file upload-v6.txt (compact mmCIF, C-alpha atoms)
# COMPACT_ATOMS: atom_id res chain seq x y z
CA MET S 1 -17.04 62.02 28.87
CA THR S 2 -19.84 60.14 30.53
CA ASP S 3 -19.22 56.99 32.53
CA GLY S 4 -20.36 54.86 29.55
CA GLN S 5 -17.70 56.47 27.33
CA ARG S 6 -14.91 56.45 29.88
CA ALA S 7 -11.74 54.59 28.86
CA GLY S 8 -11.72 51.19 30.46
CA PRO S 9 -9.18 48.40 30.78
CA ARG S 10 -10.15 47.19 27.30
CA PHE S 11 -8.09 50.01 25.79
CA HIS S 12 -4.53 48.79 25.33
CA GLY S 13 -1.96 51.11 26.89
CA ARG S 14 -4.35 52.81 29.31
CA ILE S 15 -2.71 53.73 32.61
CA GLU S 16 -4.80 55.12 35.45
CA ALA S 17 -4.42 58.92 35.52
CA ASP S 18 -4.49 59.49 39.31
CA GLY S 19 -5.16 63.19 38.81
CA ARG S 20 -2.93 63.65 35.76
CA LEU S 21 -4.59 65.79 33.06
CA CYS S 22 -4.38 65.56 29.28
CA ALA S 23 -1.39 67.47 27.81
CA GLU S 24 -3.49 69.09 25.06
CA ALA S 25 -4.18 72.76 25.73
CA GLY S 26 -7.63 73.42 27.16
CA CYS S 27 -8.45 69.73 27.77
CA ASP S 28 -9.41 68.75 31.32
CA GLY S 29 -9.76 65.00 30.56
CA PRO S 30 -7.58 62.45 32.37
CA GLY S 31 -4.15 61.83 30.78
CA GLU S 32 -4.25 58.04 30.58
CA PHE S 33 -2.41 57.29 27.31
CA ARG S 34 1.22 57.94 26.42
CA ALA S 35 2.20 59.60 23.15
CA PRO S 36 5.55 60.85 21.82
CA LEU S 37 6.48 64.46 22.37
CA LEU S 38 5.84 66.95 19.60
CA ASP S 39 8.58 67.67 17.05
CA GLY S 40 11.32 69.91 18.39
CA ALA S 41 11.04 68.62 21.96
CA PRO S 42 14.35 67.89 23.73
CA ASP S 43 15.56 64.31 23.38
CA ARG S 44 17.16 62.59 26.39
CA ARG S 45 19.82 60.05 25.34
CA ASP S 46 20.45 58.70 28.83
CA GLY S 47 17.03 57.28 29.61
CA PRO S 48 13.74 56.12 28.16
CA PRO S 49 12.26 58.25 25.41
CA PRO S 50 10.17 61.17 26.70
CA PHE S 51 6.40 61.14 26.18
CA ARG S 52 3.29 63.11 27.04
CA TRP S 53 -0.03 61.99 28.50
CA LEU S 54 -3.24 62.35 26.49
CA CYS S 55 -6.90 61.54 27.04
CA LEU S 56 -8.61 58.89 24.90
CA ASP S 57 -10.03 61.37 22.37
CA HIS S 58 -6.72 63.17 21.86
CA VAL S 59 -4.66 59.99 21.62
CA ARG S 60 -7.12 58.74 18.98
CA ALA S 61 -6.67 61.99 17.05
CA PHE S 62 -2.89 61.69 17.38
CA ASN S 63 -2.91 58.08 16.14
CA ALA S 64 -5.20 58.95 13.21
CA GLY S 65 -2.81 61.70 12.12
CA TYR S 66 0.36 59.62 12.49
CA ASN S 67 1.99 58.47 9.24
CA PHE S 68 5.26 56.56 9.44
CA PHE S 69 5.83 56.93 5.70
CA ASN S 70 5.25 60.69 5.63
CA GLY S 71 7.89 62.35 3.44
CA MET S 72 9.16 59.08 1.88
CA SER S 73 9.30 58.33 -1.82
CA ALA S 74 7.54 55.28 -3.29
CA ASP S 75 10.86 53.41 -3.51
CA GLU S 76 11.71 54.20 0.13
CA ILE S 77 8.27 52.98 1.23
CA HIS S 78 8.73 49.76 -0.77
CA LEU S 79 12.16 49.17 0.84
CA ALA S 80 10.75 49.79 4.34
CA GLN S 81 7.93 47.30 3.80
CA ARG S 82 10.14 44.36 2.75
CA PRO S 83 9.82 41.34 5.07
CA TYR S 84 13.50 41.51 5.98
CA ALA S 85 13.76 45.30 6.26
CA GLY S 86 16.09 46.29 9.08
CA TRP S 87 17.81 42.90 9.34
CA GLU S 88 20.67 43.91 7.07
CA ARG S 89 21.77 46.68 9.41
CA GLU S 90 25.21 46.18 10.90
CA THR S 91 25.27 45.62 14.65
CA ARG S 92 27.79 47.22 16.92
CA ALA S 93 30.91 45.29 17.76
CA PHE S 94 31.76 44.61 21.38
CA THR S 95 35.24 45.70 22.35
CA GLY S 96 37.48 43.73 24.63
CA GLU S 97 37.12 40.16 25.82
CA PRO S 98 34.09 39.69 28.09
CA SER S 99 34.71 38.15 31.48
CA GLY S 100 32.25 35.37 30.80
CA PRO S 101 28.91 34.32 32.26
CA ARG S 102 28.24 33.53 35.89
CA TRP S 103 28.78 29.77 35.99
CA ALA S 104 26.24 29.18 38.75
CA ASP S 105 23.42 30.31 36.42
CA PHE S 106 23.50 27.27 34.14
CA ALA S 107 24.98 23.81 33.54
CA ASP S 108 27.72 23.33 30.92
CA PRO S 109 28.16 19.52 30.79
CA LEU S 110 30.12 19.54 27.51
CA ASP S 111 32.33 22.42 28.64
CA ALA S 112 31.34 24.22 25.44
CA ILE S 113 31.19 27.71 26.96
CA ALA S 114 33.63 27.47 29.86
CA ALA S 115 36.52 26.36 27.62
CA ARG S 116 36.49 29.78 25.91
CA TYR S 117 37.06 31.63 29.17
CA ARG S 118 39.59 29.26 30.70
CA ARG S 119 43.08 30.73 31.07
CA GLU S 120 44.98 27.51 30.35
CA PRO S 121 44.10 25.46 27.26
CA ALA S 122 41.74 22.57 27.80
CA PRO S 123 43.63 19.28 28.09
CA GLU S 124 43.46 17.27 24.92
CA ARG S 125 43.48 13.53 24.46
CA GLY S 126 45.88 11.89 22.05
CA ASP S 127 43.06 9.93 20.40
CA GLY S 128 41.03 13.11 19.74
CA LYS S 129 38.00 11.94 21.73
CA PRO S 130 36.18 14.76 23.51
CA LEU S 131 36.18 15.29 27.26
CA SER S 132 33.38 17.22 28.92
CA GLY S 133 33.82 19.31 32.04
CA GLU S 134 32.17 16.53 34.03
CA ASP S 135 34.62 14.00 32.56
CA ARG S 136 37.57 16.19 33.62
CA ALA S 137 36.18 16.51 37.14
CA ASN S 138 35.71 12.73 37.37
CA LEU S 139 39.26 12.12 36.12
CA LYS S 140 40.49 14.46 38.85
CA VAL S 141 38.56 12.46 41.49
CA LEU S 142 40.28 9.30 40.29
CA GLY S 143 43.66 11.03 39.95
CA LEU S 144 44.02 10.19 36.25
CA ALA S 145 45.49 12.20 33.38
CA PRO S 146 43.13 13.40 30.59
CA ASP S 147 44.64 10.95 28.09
CA ALA S 148 44.07 7.85 30.26
CA ASP S 149 42.60 4.83 28.48
CA ARG S 150 39.93 2.33 29.58
CA SER S 151 42.53 -0.07 31.02
CA ALA S 152 44.10 2.64 33.19
CA LEU S 153 40.61 3.68 34.31
CA ARG S 154 39.81 0.12 35.50
CA LYS S 155 43.15 -0.31 37.28
CA ARG S 156 42.89 3.01 39.10
CA TYR S 157 39.28 2.31 40.11
CA SER S 158 40.24 -1.10 41.55
CA ALA S 159 43.15 0.41 43.49
CA LEU S 160 41.00 3.18 45.00
CA VAL S 161 38.19 0.79 45.95
CA ARG S 162 40.71 -1.45 47.72
CA ARG S 163 42.09 1.59 49.56
CA TYR S 164 38.74 3.08 50.69
CA HIS S 165 36.46 0.04 51.16
CA PRO S 166 35.77 -0.75 54.87
CA ASP S 167 36.34 -4.50 54.33
CA ARG S 168 39.90 -3.78 53.15
CA ASN S 169 40.95 -1.30 55.84
CA GLY S 170 39.85 -2.92 59.10
CA GLY S 171 36.21 -1.78 59.08
CA ASP S 172 37.13 1.94 59.10
CA ARG S 173 34.10 3.73 57.63
CA SER S 174 35.69 7.22 57.64
CA HIS S 175 36.50 6.93 53.91
CA GLU S 176 32.94 6.09 52.88
CA ALA S 177 32.30 9.51 51.25
CA ALA S 178 35.52 9.25 49.21
CA LEU S 179 34.53 5.72 48.14
CA GLN S 180 31.12 6.94 46.94
CA LYS S 181 32.79 9.71 44.89
CA VAL S 182 35.19 7.19 43.33
CA ILE S 183 32.34 4.83 42.41
CA ALA S 184 30.22 7.64 40.92
CA ALA S 185 33.21 8.99 38.94
CA TYR S 186 34.01 5.55 37.56
CA GLN S 187 30.39 4.84 36.58
CA ASN S 188 30.18 8.16 34.69
CA LEU S 189 33.53 7.76 32.96
CA ARG S 190 32.81 4.16 31.98
CA GLN S 191 29.89 5.45 29.87
CA ALA S 192 31.65 8.59 28.56
CA PRO S 193 32.41 8.78 24.80
CA ALA S 194 36.13 9.19 25.55
CA PHE S 195 36.26 5.72 27.14
CA ALA S 196 33.85 3.88 24.83
call {"tool": "encode", "arguments": {"input": "upload-v6.txt", "output": "structure tokens"}}
result
Amino acid sequence: MTDGQRAGPRFHGRIEADGRLCAEAGCDGPGEFRAPLLDGAPDRRDGPPPFRWLCLDHVRAFNAGYNFFNGMSADEIHLAQRPYAGWERETRAFTGEPSGPRWADFADPLDAIAARYRREPAPERGDGKPLSGEDRANLKVLGLAPDADRSALRKRYSALVRRYHPDRNGGDRSHEAALQKVIAAYQNLRQAPAFA
């Protein structure tokens, strides 16, 4: 090949040969394109499928001679060309209960995924209103049960503010962080669907 005919980056799948020669017998062109092995070649099940390296001319000849439908009847070809061909195949079933995702990888504010992997059942409310994971954490900050109502929420909030506020405990500001957590928990729960 002359430099004008040399395979360039415009050819999809071209990988620089770096001294690798074409796998076709008697060809000294660079092996820059992958192609499947010939029929009868050993198949490795524990890794990627094996392939051979061909030059541009030989990979073009290989592609021109390739026929996916070779040996199929007209009915089999028609079935293979349907828009949903392959989708009706059964997928393999996973055995055993998975351990669950790594919780640090995403947020689960409605506790939709974490509830499946929790050992103890998720606490339920008597009124059937849903509690998200954030709601449960906020209830824990306030020291309330999952089935607490809006009145209990207000009473507990008032009691904790009186306990932690510096004006109520002699100017002691050591409980300021706890007070901020209580206020944030109350503000979130006040707007939660379970307390609406």
call {"tool": "atom_distance", "arguments": {"input": "upload-v6.txt", "atom1": "CA of Asn169 (chain S)", "atom2": "CA of Ala145 (chain S)"}}
result
26.6 Å
call {"tool": "residues_around", "arguments": {"input": "upload-v6.txt", "residues": "Arg156 (chain S)", "least_positions_apart": "2", "cutoff": "12 Å", "atoms": "all atoms listed in the file", "output": "list in words"}}
result
Leu139, Lys140, Val141, Leu142, Gly143, Leu144, Ala145, Ala148, Asp149, Arg150, Ser151, Ala152, Leu153, Arg154, Ser158, Ala159, Leu160, Val161, Arg162, Arg163, Val182, Ile183, Ala185 and Tyr186 of chain S
call {"tool": "atom_distance", "arguments": {"input": "upload-v6.txt", "atom1": "CA of Glu32 (chain S)", "atom2": "CA of Leu56 (chain S)"}}
result
7.2 Å
call {"tool": "atom_distance", "arguments": {"input": "upload-v6.txt", "atom1": "CA of Ala64 (chain S)", "atom2": "CA of Leu79 (chain S)"}}
result
23.5 Å
call {"tool": "residues_around", "arguments": {"input": "upload-v6.txt", "residues": "region 13-19 of chain S", "least_positions_apart": "5", "cutoff": "12 Å", "atoms": "all atoms listed in the file", "output": "PyMOL selection string"}}
result
chain S and resi 6-8+28-35+53-56+59
call {"tool": "closest_residue", "arguments": {"input": "upload-v6.txt", "among": "S:Asp75, S:Tyr84, S:Pro49, S:Asp57", "to": "Cys22 (chain S)", "atoms": "all atoms listed in the file"}}
result
S:Asp57
call {"tool": "residues_around", "arguments": {"input": "upload-v6.txt", "residues": "Ser132 (chain S)", "least_positions_apart": "2", "cutoff": "7 Å", "atoms": "only C-alpha atoms", "output": "list in words"}}
result
Pro109, Leu110, Asp111, Pro130, Glu134, Asp135 and Arg136 of chain S
call {"tool": "axis_aligned_box", "arguments": {"input": "upload-v6.txt", "around": "region 154-172 of chain S", "padding_each_side": "8 Å", "output": "lines of an AutoDock Vina configuration file"}}
result
center_x = 39.5
center_y = -0.7
center_z = 47.3
size_x = 23.4
size_y = 23.7
size_z = 39.6
call {"tool": "residues_near_point", "arguments": {"input": "upload-v6.txt", "point": "(6.1, 63.5, 25.5)", "cutoff": "8 Å", "atoms": "all atoms listed in the file", "output": "VMD selection string"}}
result
chain S and resid 34 to 38 41 50 to 53
call {"tool": "closest_residue", "arguments": {"input": "upload-v6.txt", "among": "S:Leu189, S:Leu131, S:Ala112, S:Ala80", "to": "Tyr157 (chain S)", "atoms": "only C-alpha atoms"}}
result
S:Leu189
